[in-house]
Amino acid sequence: MVKRVVIVGGGAAGMQTALELKSRGIEPMIVERDIELGGKVRGWHKLFPSFISAKEVLMPIVERVKSERIRCFLGQEVVQIASDGVTLRSGERVLADAVVVATGFTLFDAHRKQEYGYGLYDNVITSVDLERMMNGGRVTLADGTEPRRIAILHCVGSRDEKVGQRHCSKVCCITGVKQAIELKQLFPSADIFNFYMDIRMFGPGYEELYREAQERYNVHFVRGRISEAAETINKRIQIKAEDTLTGRPLRMTVDMLVLLVGMCANYENESLANSAGLSLAPNGYFRAQDSFLGSVCSEREGIFFAGAATAPKSLADSLAEASLTASKVDEYLSNKFQPW
């Protein structure tokens, strides 16, 4: 008997889960609302902490999904989830014996932090915009010139009561360190300033990269949140902040301000959770059965999670979790179809 599993989301976690299930003799089906597989990793340039190209990690996974002939519903959005399958916006039902929710996350909209001028000032960009520039092979100011002084602001849309995002996005600190080093490699004589609340270097090689940014590349780290950004007459960005280590106010003019946007729960999580009888954590992510033995299991039998659907995660963590998800699904299906 063929066992079928629908995976909602064709990002890295969803694809890796599909491949793991396929290797166990289970037929996976991926439903992805975008017209391409790969999720947000497609837009990334290099990955921390090794600076490997994102394409070098992502493309082999995509190619394996294709070579394994895993069925993919691309450009299709799931509107309802149940333990026996999903319903697409078109009304089509995709039936299965179990469902894996691998819907990932949404990036915080920097327009909501009006005090930083994103969308108003030409040389205020987000970390995602910077990755796009790096992928294009050229990082410049709006007038085409090279930046000589750059400020990177951490925690934009994370740990922020004002915008209802109280959680830590987990990967912003190391992303800021990585991008600072990349900018120094592009512009060795440029001054790079990282403004942060707390530096959280939790992963393997992260603390070492943070030290390298300071000792080898002379990246400056300032403990304090920028309170305001304004454009000068010559299109530079004047920022106001406080150095909380010295207790002194700080005013600085930079050529470019990079906003490290955090990870948010998807807006669709609530409706999907309601359709399946699932619950959400206070931060809007799906709530797992428990934080230990049931971290990839939902509260409903036959529905599982993978990747950043349940919390902000690094790509490495999401890929590792995919193996655990596949194992739990396999165990569930074996018990479900066990002849007694």
# chains A, B, ... in the order shown; residues from 1 in each chain; ligands from 1
>>> residues_around(residues="Ala110 in chain A", least_positions_apart="3", cutoff="8 Å", atoms="only C-alpha atoms", output="list of chain:residue names")
A:Lys113, A:Gln114, A:Tyr118, A:Thr126, A:Val156, A:Gly157, A:Leu259, A:Val261
>>> residues_around(residues="range 76-81 of chain A", least_positions_apart="5", cutoff="8 Å", atoms="only C-alpha atoms", output="ChimeraX atom specification")
/A:8,31-34,86-90,99,271-273,275-276
>>> write_last_selection(atoms="N, CA and C atoms", output="PDB file, in the first residue's frame")
ATOM      1  N   VAL A   8       3.031  21.095   3.072  1.00  0.00           N
ATOM      2  CA  VAL A   8       2.596  22.458   2.751  1.00  0.00           C
ATOM      3  C   VAL A   8       3.816  23.379   2.864  1.00  0.00           C
ATOM      4  N   VAL A  31       3.090  21.175  -1.836  1.00  0.00           N
ATOM      5  CA  VAL A  31       2.226  22.260  -2.305  1.00  0.00           C
ATOM      6  C   VAL A  31       2.917  23.577  -1.957  1.00  0.00           C
ATOM      7  N   GLU A  32       3.231  24.366  -2.972  1.00  0.00           N
ATOM      8  CA  GLU A  32       3.966  25.618  -2.787  1.00  0.00           C
ATOM      9  C   GLU A  32       3.214  26.752  -3.482  1.00  0.00           C
ATOM     10  N   ARG A  33       2.951  27.837  -2.758  1.00  0.00           N
ATOM     11  CA  ARG A  33       2.166  28.923  -3.350  1.00  0.00           C
ATOM     12  C   ARG A  33       2.966  29.749  -4.346  1.00  0.00           C
ATOM     13  N   ASP A  34       4.294  29.702  -4.267  1.00  0.00           N
ATOM     14  CA  ASP A  34       5.124  30.389  -5.256  1.00  0.00           C
ATOM     15  C   ASP A  34       5.214  29.515  -6.505  1.00  0.00           C
ATOM     16  N   VAL A  86      -5.267  18.371   2.270  1.00  0.00           N
ATOM     17  CA  VAL A  86      -5.416  19.835   2.285  1.00  0.00           C
ATOM     18  C   VAL A  86      -6.378  20.258   1.184  1.00  0.00           C
ATOM     19  N   THR A  87      -6.911  21.463   1.354  1.00  0.00           N
ATOM     20  CA  THR A  87      -7.776  22.077   0.334  1.00  0.00           C
ATOM     21  C   THR A  87      -7.055  23.284  -0.242  1.00  0.00           C
ATOM     22  N   LEU A  88      -7.002  23.360  -1.568  1.00  0.00           N
ATOM     23  CA  LEU A  88      -6.354  24.475  -2.246  1.00  0.00           C
ATOM     24  C   LEU A  88      -7.355  25.596  -2.474  1.00  0.00           C
ATOM     25  N   ARG A  89      -6.825  26.781  -2.758  1.00  0.00           N
ATOM     26  CA  ARG A  89      -7.715  27.923  -3.005  1.00  0.00           C
ATOM     27  C   ARG A  89      -8.628  27.672  -4.200  1.00  0.00           C
ATOM     28  N   SER A  90      -8.166  26.851  -5.132  1.00  0.00           N
ATOM     29  CA  SER A  90      -8.973  26.506  -6.310  1.00  0.00           C
ATOM     30  C   SER A  90     -10.156  25.622  -5.953  1.00  0.00           C
ATOM     31  N   VAL A  99      -0.110  15.058   6.977  1.00  0.00           N
ATOM     32  CA  VAL A  99       0.228  16.385   6.446  1.00  0.00           C
ATOM     33  C   VAL A  99       1.393  16.956   7.249  1.00  0.00           C
ATOM     34  N   SER A 271      -5.771  31.390  10.168  1.00  0.00           N
ATOM     35  CA  SER A 271      -6.851  30.730   9.433  1.00  0.00           C
ATOM     36  C   SER A 271      -6.534  29.247   9.202  1.00  0.00           C
ATOM     37  N   LEU A 272      -5.272  28.934   8.936  1.00  0.00           N
ATOM     38  CA  LEU A 272      -4.905  27.532   8.755  1.00  0.00           C
ATOM     39  C   LEU A 272      -5.056  26.756  10.063  1.00  0.00           C
ATOM     40  N   ALA A 273      -4.651  27.381  11.162  1.00  0.00           N
ATOM     41  CA  ALA A 273      -4.793  26.722  12.465  1.00  0.00           C
ATOM     42  C   ALA A 273      -6.258  26.466  12.787  1.00  0.00           C
ATOM     43  N   SER A 275      -8.674  26.053  10.701  1.00  0.00           N
ATOM     44  CA  SER A 275      -9.230  25.025   9.817  1.00  0.00           C
ATOM     45  C   SER A 275      -8.862  23.623  10.275  1.00  0.00           C
ATOM     46  N   ALA A 276      -7.721  23.511  10.971  1.00  0.00           N
ATOM     47  CA  ALA A 276      -7.231  22.188  11.365  1.00  0.00           C
ATOM     48  C   ALA A 276      -7.424  21.884  12.842  1.00  0.00           C
TER      49      ALA A 276
END
>>> closest_residue(among="A:Ala230, A:Leu183, A:Met256, A:Ala320", to="Gly117 in chain A", atoms="only C-alpha atoms")
A:Ala230
>>> closest_residue(among="A:Lys170, A:Arg287, A:Lys66, A:Arg132", to="Arg300 in chain A", atoms="only C-alpha atoms")
A:Arg287
>>> select_by_dssp(residues="range 106-334 of chain A", states="strand (DSSP E or B)", output="ChimeraX atom specification")
/A:106-107,124-126,149-156,160,165,191-196,220-223,226-231,237-243,248-254,256-261,263-264,280,286,297,303-305
>>> select_by_dssp(residues="range 38-279 of chain A", states="alpha helix (DSSP H)", output="PyMOL selection string")
chain A and resi 54-67+127-135+172-186+206-215+269-276
>>> write_last_selection(atoms="C-alpha atoms", output="PDB file, in the first residue's frame")
ATOM      1  CA  ALA A  54      23.241  29.901  -0.759  1.00  0.00           C
ATOM      2  CA  LYS A  55      22.848  28.393  -4.219  1.00  0.00           C
ATOM      3  CA  GLU A  56      25.427  25.715  -3.415  1.00  0.00           C
ATOM      4  CA  VAL A  57      23.203  24.529  -0.573  1.00  0.00           C
ATOM      5  CA  LEU A  58      19.767  25.082  -2.113  1.00  0.00           C
ATOM      6  CA  MET A  59      20.156  23.955  -5.729  1.00  0.00           C
ATOM      7  CA  PRO A  60      21.237  20.353  -4.976  1.00  0.00           C
ATOM      8  CA  ILE A  61      18.093  19.970  -2.865  1.00  0.00           C
ATOM      9  CA  VAL A  62      15.904  21.372  -5.652  1.00  0.00           C
ATOM     10  CA  GLU A  63      17.568  19.120  -8.223  1.00  0.00           C
ATOM     11  CA  ARG A  64      17.079  16.051  -6.021  1.00  0.00           C
ATOM     12  CA  VAL A  65      13.375  16.853  -5.668  1.00  0.00           C
ATOM     13  CA  LYS A  66      13.142  16.972  -9.458  1.00  0.00           C
ATOM     14  CA  SER A  67      15.244  13.844 -10.050  1.00  0.00           C
ATOM     15  CA  SER A 127      19.120  43.212   4.971  1.00  0.00           C
ATOM     16  CA  VAL A 128      17.097  41.480   2.247  1.00  0.00           C
ATOM     17  CA  ASP A 129      17.735  44.355  -0.169  1.00  0.00           C
ATOM     18  CA  LEU A 130      21.441  44.102   0.602  1.00  0.00           C
ATOM     19  CA  GLU A 131      21.468  40.369  -0.171  1.00  0.00           C
ATOM     20  CA  ARG A 132      19.736  41.129  -3.474  1.00  0.00           C
ATOM     21  CA  MET A 133      22.421  43.703  -4.307  1.00  0.00           C
ATOM     22  CA  MET A 134      25.163  41.221  -3.462  1.00  0.00           C
ATOM     23  CA  ASN A 135      23.530  38.602  -5.665  1.00  0.00           C
ATOM     24  CA  CYS A 172      19.508  38.587  12.877  1.00  0.00           C
ATOM     25  CA  CYS A 173      22.640  39.057  15.020  1.00  0.00           C
ATOM     26  CA  ILE A 174      24.728  36.598  13.044  1.00  0.00           C
ATOM     27  CA  THR A 175      23.293  37.958   9.779  1.00  0.00           C
ATOM     28  CA  GLY A 176      24.429  41.434  10.804  1.00  0.00           C
ATOM     29  CA  VAL A 177      27.928  40.140  11.526  1.00  0.00           C
ATOM     30  CA  LYS A 178      28.045  38.252   8.213  1.00  0.00           C
ATOM     31  CA  GLN A 179      26.854  41.237   6.203  1.00  0.00           C
ATOM     32  CA  ALA A 180      29.279  43.579   7.977  1.00  0.00           C
ATOM     33  CA  ILE A 181      32.188  41.322   6.988  1.00  0.00           C
ATOM     34  CA  GLU A 182      30.945  41.082   3.404  1.00  0.00           C
ATOM     35  CA  LEU A 183      30.709  44.875   3.207  1.00  0.00           C
ATOM     36  CA  LYS A 184      34.236  45.235   4.572  1.00  0.00           C
ATOM     37  CA  GLN A 185      35.457  42.771   1.972  1.00  0.00           C
ATOM     38  CA  LEU A 186      33.807  44.871  -0.742  1.00  0.00           C
ATOM     39  CA  TYR A 206      29.010  32.301  15.510  1.00  0.00           C
ATOM     40  CA  GLU A 207      31.026  33.696  18.422  1.00  0.00           C
ATOM     41  CA  GLU A 208      34.225  33.158  16.470  1.00  0.00           C
ATOM     42  CA  LEU A 209      32.790  35.068  13.507  1.00  0.00           C
ATOM     43  CA  TYR A 210      31.773  37.917  15.818  1.00  0.00           C
ATOM     44  CA  ARG A 211      35.334  38.141  17.142  1.00  0.00           C
ATOM     45  CA  GLU A 212      36.744  37.977  13.627  1.00  0.00           C
ATOM     46  CA  ALA A 213      34.508  40.869  12.541  1.00  0.00           C
ATOM     47  CA  GLN A 214      36.072  43.035  15.239  1.00  0.00           C
ATOM     48  CA  GLU A 215      39.666  41.838  15.248  1.00  0.00           C
ATOM     49  CA  ASN A 269      -1.295  30.892  10.296  1.00  0.00           C
ATOM     50  CA  GLU A 270      -4.463  31.825  12.164  1.00  0.00           C
ATOM     51  CA  SER A 271      -6.851  30.730   9.433  1.00  0.00           C
ATOM     52  CA  LEU A 272      -4.905  27.532   8.755  1.00  0.00           C
ATOM     53  CA  ALA A 273      -4.793  26.722  12.465  1.00  0.00           C
ATOM     54  CA  ASN A 274      -8.535  27.297  12.784  1.00  0.00           C
ATOM     55  CA  SER A 275      -9.230  25.025   9.817  1.00  0.00           C
ATOM     56  CA  ALA A 276      -7.231  22.188  11.365  1.00  0.00           C
TER      57      ALA A 276
END
>>> residues_around(residues="Leu324 in chain A", least_positions_apart="3", cutoff="12 Å", atoms="only C-alpha atoms", output="list of chain:residue names")
A:Ala13, A:Gln16, A:Thr17, A:Ala18, A:Glu20, A:Leu21, A:Val100, A:Phe292, A:Leu293, A:Gly294, A:Ser295, A:Val296, A:Cys297, A:Phe304, A:Phe305, A:Ala306, A:Gly307, A:Asp317, A:Ser318, A:Leu319, A:Ala320, A:Glu321, A:Ser327, A:Lys328, A:Val329, A:Asp330, A:Glu331
>>> write_last_selection(atoms="C-alpha atoms", output="short mmCIF file (atom, residue, chain, number, x, y, z; two decimals), in the first residue's frame")
data_model
loop_
_atom_site.label_atom_id
_atom_site.label_comp_id
_atom_site.auth_asym_id
_atom_site.auth_seq_id
_atom_site.Cartn_x
_atom_site.Cartn_y
_atom_site.Cartn_z
CA ALA A 13 12.54 22.42 5.16
CA GLN A 16 14.22 18.14 2.68
CA THR A 17 11.28 16.54 4.49
CA ALA A 18 9.95 15.30 1.14
CA GLU A 20 13.60 12.06 3.65
CA LEU A 21 10.10 10.63 3.30
CA VAL A 100 3.44 18.29 7.18
CA PHE A 292 11.12 18.15 23.63
CA LEU A 293 9.85 14.81 22.32
CA GLY A 294 6.99 16.37 20.35
CA SER A 295 8.66 19.42 18.85
CA VAL A 296 7.62 18.51 15.29
CA CYS A 297 4.22 17.06 16.24
CA PHE A 304 3.27 17.54 11.72
CA PHE A 305 5.62 20.53 11.44
CA ALA A 306 9.01 21.22 9.88
CA GLY A 307 11.27 24.25 9.87
CA ASP A 317 18.34 23.90 12.04
CA SER A 318 15.45 23.67 9.56
CA LEU A 319 17.25 21.09 7.43
CA ALA A 320 18.15 19.03 10.49
CA GLU A 321 14.59 19.18 11.77
CA SER A 327 11.00 10.01 11.19
CA LYS A 328 7.93 11.00 13.21
CA VAL A 329 5.68 10.81 10.13
CA ASP A 330 7.06 7.39 9.24
CA GLU A 331 6.46 6.16 12.79
#
>>> residues_around(residues="Tyr121 in chain A", least_positions_apart="5", cutoff="12 Å", atoms="only C-alpha atoms", output="count of residues only")
21
>>> atom_distance(atom1="CA of Tyr285 in chain A", atom2="CA of Asn266 in chain A")
7.5 Å
>>> residues_around(residues="Phe193 in chain A", least_positions_apart="2", cutoff="6 Å", atoms="only C-alpha atoms", output="PyMOL selection string")
chain A and resi 151+220-221
>>> residues_around(residues="Asp198 in chain A", least_positions_apart="4", cutoff="12 Å", atoms="only C-alpha atoms", output="list in words")
Leu153, His154, Cys155, Ser158, Arg159, Cys168, Lys170, Cys172, Cys173, Ile174, Asn194, Phe202, Phe221, Val222, Arg223, Gly224, Arg225, Thr244 and Leu245 of chain A
>>> closest_residue(among="A:Val2, A:Thr246, A:Phe73, A:Glu146", to="Asn123 in chain A", atoms="only C-alpha atoms")
A:Glu146
>>> closest_residue(among="A:Leu250, A:Ala241, A:Ala288, A:Ile226", to="Glu301 in chain A", atoms="only C-alpha atoms")
A:Ala288
